[in-house]
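Everything below concerns the one structure shown next.
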Amino acid sequence: MTQTSSHRQKIQRRPVHGVLLLDKPLGLSSNQALQKAKWLLRAEKAGHTGTLDPLATGVLPLCFGAATKFSQLQLDADKTYEAVLLLGQKTTTADAEGEVIETRPIPEITPELLQVMTQRFTGPLAQIPPMYSALKKDGKALYEYARKGEEVEREARHITIYKLNMALAQDPRAEVAIKIVVSCSKGTYIRTLGEDIGEALGCGAHLGSLRRIETGGFVAAQCVTLAALEAMSEAERDACLLPPQTLVNDYPVVTLDAENAGRFLSGLRRRGQWGADAPLVQVYGSAPAAFLGTAHIAADELIPQRLLSPIEIQNILQPAQPPPEVFLPVSTAAPLGAGSFQH
């Protein structure tokens, strides 16, 4: 038996509940980063909140335990990216990982021209997803077709670019490069946006780099790296976790007494003066003070949606004590390619 496999057998998984804001490193898929963090925390259940390409870095909220029940809210959240477009060349993947398939001369890029491009690509847009993406067609991911040289028909998706900044940048990989900062709706492919800008300029383009700097109100400055996480004790890693209700902090709060809290947790609607109708509220018990889950309010009824289990609530209120210090090197922390909870 190898040292690594023997070491893994000694790791005891535990209930971990919360949100870890990870600064995903270059070269790892979102799932690989998730599995490494999950291993370091010894967590039983984990999921990420939407994939970042291996080429991309930046904000990747990871959900553990009870927090996975609310990960969809982050999937639907608006996002902000920084990217560098390398002009003059198109690639198979629309980024620097692909092979160059076309080279064209680059026109003079003036501030006035960039302003025209900014206006053209701001607002509602129809975007055709790239072939190199995880979207499914007839049960297969598009990238599976692309790797075989096949191209399949894709429906345009309606997205919104809320804000777009463009400026000339220096990059040794291209004669001319443009840095863009994009605030956009969910489902936006920055690779496709970059390729479309390149086509509009007449010279073609691909992404040289991509970094997500904000998603759903979480910013890069709040994030921890895998290297930093590895160097911490288990107690320090746990201290990096935000509570599950962090994912619903922007919604109204309803607090229930002990009797109503118990009935609510069993899935029963509660009638009362809860305030105006609302599509989503966060619900707490008052004794003890604990996050119970989410609900919506309609016609004075509090209707349960996503609920924590009594065991999850107990684990959050009284976390299990960590065992003696366990060292988990990132390089062997997790088997790559294992499944994740949420794509």
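Order determines the names: the first chain of the structure tokens is A, the second B, and so forth; residues in each chain are numbered 1 upward, and ligands are numbered 1 upward as they are shown.
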Residues within 7 Å of region 74-77 of chain A, only C-alpha atoms, excluding chain neighbours under 3 positions, as a list in words: Thr49, Gly50, Ser71, Lys186, Thr215 and Gly216 of chain A
Strand (DSSP E) per DSSP on the backbone: members of region 92-257 of chain A, as a PyMOL selection string: chain A and resi 100-103+123-127+136-137+140-141+157-169+177-184+205-215+218-219+253-256
Selection to disk with N, CA and C atoms, as a short mmCIF file (atom, residue, chain, number, x, y, z; two decimals), in the first residue's frame:
```cif
data_model
loop_
_atom_site.label_atom_id
_atom_site.label_comp_id
_atom_site.auth_asym_id
_atom_site.auth_seq_id
_atom_site.Cartn_x
_atom_site.Cartn_y
_atom_site.Cartn_z
N VAL A 100 -4.21 27.95 -32.51
CA VAL A 100 -4.52 29.08 -33.38
C VAL A 100 -5.09 28.56 -34.69
N ILE A 101 -6.25 29.08 -35.09
CA ILE A 101 -6.90 28.63 -36.32
C ILE A 101 -7.01 29.76 -37.35
N GLU A 102 -6.73 30.99 -36.94
CA GLU A 102 -6.82 32.09 -37.88
C GLU A 102 -5.99 33.27 -37.37
N THR A 103 -5.25 33.90 -38.29
CA THR A 103 -4.47 35.10 -37.95
C THR A 103 -4.84 36.20 -38.93
N GLY A 123 -25.34 46.10 -22.40
CA GLY A 123 -26.79 45.95 -22.45
C GLY A 123 -27.20 44.52 -22.77
N PRO A 124 -28.46 44.29 -23.15
CA PRO A 124 -28.93 42.94 -23.49
C PRO A 124 -28.25 42.43 -24.76
N LEU A 125 -27.78 41.18 -24.72
CA LEU A 125 -27.12 40.57 -25.87
C LEU A 125 -27.63 39.15 -26.05
N ALA A 126 -27.58 38.67 -27.28
CA ALA A 126 -27.81 37.25 -27.57
C ALA A 126 -26.45 36.62 -27.82
N GLN A 127 -26.14 35.57 -27.07
CA GLN A 127 -24.81 34.97 -27.13
C GLN A 127 -24.93 33.47 -27.40
N LYS A 136 -24.90 20.75 -21.99
CA LYS A 136 -25.24 19.43 -22.51
C LYS A 136 -26.06 19.54 -23.80
N LYS A 137 -25.80 18.61 -24.72
CA LYS A 137 -26.59 18.44 -25.94
C LYS A 137 -26.79 16.95 -26.12
N LYS A 140 -24.71 14.80 -23.78
CA LYS A 140 -23.25 14.91 -23.81
C LYS A 140 -22.83 16.36 -23.70
N ALA A 141 -21.74 16.62 -22.98
CA ALA A 141 -21.21 17.98 -22.87
C ALA A 141 -20.71 18.43 -24.25
N ARG A 157 -28.31 32.37 -26.14
CA ARG A 157 -28.77 32.65 -24.79
C ARG A 157 -28.85 34.17 -24.61
N HIS A 158 -29.87 34.60 -23.89
CA HIS A 158 -30.04 36.03 -23.66
C HIS A 158 -29.37 36.42 -22.35
N ILE A 159 -28.38 37.28 -22.46
CA ILE A 159 -27.60 37.72 -21.30
C ILE A 159 -27.65 39.25 -21.25
N THR A 160 -27.08 39.79 -20.17
CA THR A 160 -26.99 41.25 -20.05
C THR A 160 -25.60 41.63 -19.56
N ILE A 161 -24.97 42.55 -20.28
CA ILE A 161 -23.71 43.15 -19.83
C ILE A 161 -24.09 44.47 -19.17
N TYR A 162 -23.97 44.53 -17.86
CA TYR A 162 -24.38 45.72 -17.12
C TYR A 162 -23.36 46.84 -17.25
N LYS A 163 -22.09 46.47 -17.25
CA LYS A 163 -21.03 47.47 -17.34
C LYS A 163 -19.83 46.85 -18.03
N LEU A 164 -19.19 47.63 -18.91
CA LEU A 164 -18.02 47.14 -19.65
C LEU A 164 -17.00 48.27 -19.76
N ASN A 165 -15.79 48.00 -19.29
CA ASN A 165 -14.68 48.93 -19.45
C ASN A 165 -13.63 48.28 -20.34
N MET A 166 -13.07 49.03 -21.28
CA MET A 166 -12.05 48.51 -22.19
C MET A 166 -10.90 49.50 -22.26
N ALA A 167 -9.67 48.97 -22.25
CA ALA A 167 -8.48 49.83 -22.36
C ALA A 167 -7.33 49.03 -22.95
N LEU A 168 -6.46 49.70 -23.70
CA LEU A 168 -5.28 49.03 -24.25
C LEU A 168 -4.39 48.51 -23.12
N ALA A 169 -3.77 47.36 -23.34
CA ALA A 169 -2.91 46.74 -22.33
C ALA A 169 -1.65 46.19 -23.00
N ALA A 177 -3.11 44.14 -27.20
CA ALA A 177 -3.98 43.49 -26.23
C ALA A 177 -4.92 44.53 -25.62
N ILE A 178 -6.08 44.06 -25.18
CA ILE A 178 -7.08 44.93 -24.54
C ILE A 178 -7.48 44.30 -23.22
N LYS A 179 -7.47 45.11 -22.16
CA LYS A 179 -8.00 44.65 -20.88
C LYS A 179 -9.46 45.06 -20.78
N ILE A 180 -10.30 44.10 -20.40
CA ILE A 180 -11.72 44.40 -20.22
C ILE A 180 -12.14 44.06 -18.80
N VAL A 181 -13.05 44.84 -18.24
CA VAL A 181 -13.69 44.55 -16.96
C VAL A 181 -15.19 44.48 -17.23
N VAL A 182 -15.80 43.32 -16.93
CA VAL A 182 -17.18 43.04 -17.33
C VAL A 182 -18.04 42.70 -16.12
N SER A 183 -19.11 43.44 -15.92
CA SER A 183 -20.15 43.07 -14.96
C SER A 183 -21.33 42.52 -15.75
N CYS A 184 -21.76 41.30 -15.43
CA CYS A 184 -22.71 40.63 -16.33
C CYS A 184 -23.67 39.74 -15.56
N ALA A 205 -9.87 37.62 -31.98
CA ALA A 205 -9.25 37.73 -30.66
C ALA A 205 -9.51 36.46 -29.86
N HIS A 206 -8.70 36.26 -28.84
CA HIS A 206 -8.96 35.20 -27.87
C HIS A 206 -8.51 35.67 -26.50
N LEU A 207 -9.00 35.00 -25.45
CA LEU A 207 -8.68 35.39 -24.09
C LEU A 207 -7.26 34.94 -23.74
N GLY A 208 -6.49 35.87 -23.21
CA GLY A 208 -5.17 35.52 -22.70
C GLY A 208 -5.21 35.18 -21.23
N SER A 209 -6.13 35.80 -20.50
CA SER A 209 -6.31 35.52 -19.07
C SER A 209 -7.72 35.91 -18.67
N LEU A 210 -8.17 35.32 -17.57
CA LEU A 210 -9.52 35.58 -17.07
C LEU A 210 -9.52 35.44 -15.55
N ARG A 211 -10.08 36.43 -14.88
CA ARG A 211 -10.17 36.38 -13.42
C ARG A 211 -11.54 36.88 -12.99
N ARG A 212 -12.21 36.09 -12.15
CA ARG A 212 -13.49 36.52 -11.58
C ARG A 212 -13.19 37.29 -10.30
N ILE A 213 -13.60 38.54 -10.25
CA ILE A 213 -13.28 39.39 -9.10
C ILE A 213 -14.47 39.61 -8.18
N GLU A 214 -15.67 39.19 -8.61
CA GLU A 214 -16.85 39.34 -7.76
C GLU A 214 -17.96 38.42 -8.23
N THR A 215 -18.67 37.84 -7.29
CA THR A 215 -19.88 37.07 -7.62
C THR A 215 -20.84 37.16 -6.46
N PHE A 218 -19.70 38.73 -3.18
CA PHE A 218 -18.43 38.27 -2.64
C PHE A 218 -17.30 38.74 -3.56
N VAL A 219 -16.23 39.29 -2.98
CA VAL A 219 -15.14 39.85 -3.77
C VAL A 219 -13.84 39.11 -3.49
N VAL A 253 -35.72 38.89 7.09
CA VAL A 253 -35.59 37.92 8.18
C VAL A 253 -36.94 37.72 8.87
N VAL A 254 -37.27 36.45 9.14
CA VAL A 254 -38.42 36.10 9.97
C VAL A 254 -37.89 35.27 11.14
N THR A 255 -38.30 35.62 12.36
CA THR A 255 -37.87 34.88 13.54
C THR A 255 -39.08 34.21 14.20
N LEU A 256 -38.94 32.92 14.49
CA LEU A 256 -40.05 32.13 15.03
C LEU A 256 -39.79 31.74 16.48
#
```
Which residue of A:Cys203, A:Leu62, A:Val281, A:Met117 approaches Pro105 (chain A) most closely, using only C-alpha atoms: A:Cys203
All alpha helix (DSSP H) positions in region 110-222 of chain A, as a list in words: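 DSSP on the backbone gives alpha helix (DSSP H) at Pro111, Glu112, Leu113, Leu114, Gln115, Val116, Met117, Thr118, Gln119, Arg120, Leu142, Tyr143, Glu144, Tyr145, Ala146, Arg147, Ile190, Arg191, Thr192, Leu193, Gly194, Glu195, Asp196, Ile197, Gly198, Glu199, Ala200 and Leu201 of chain A.
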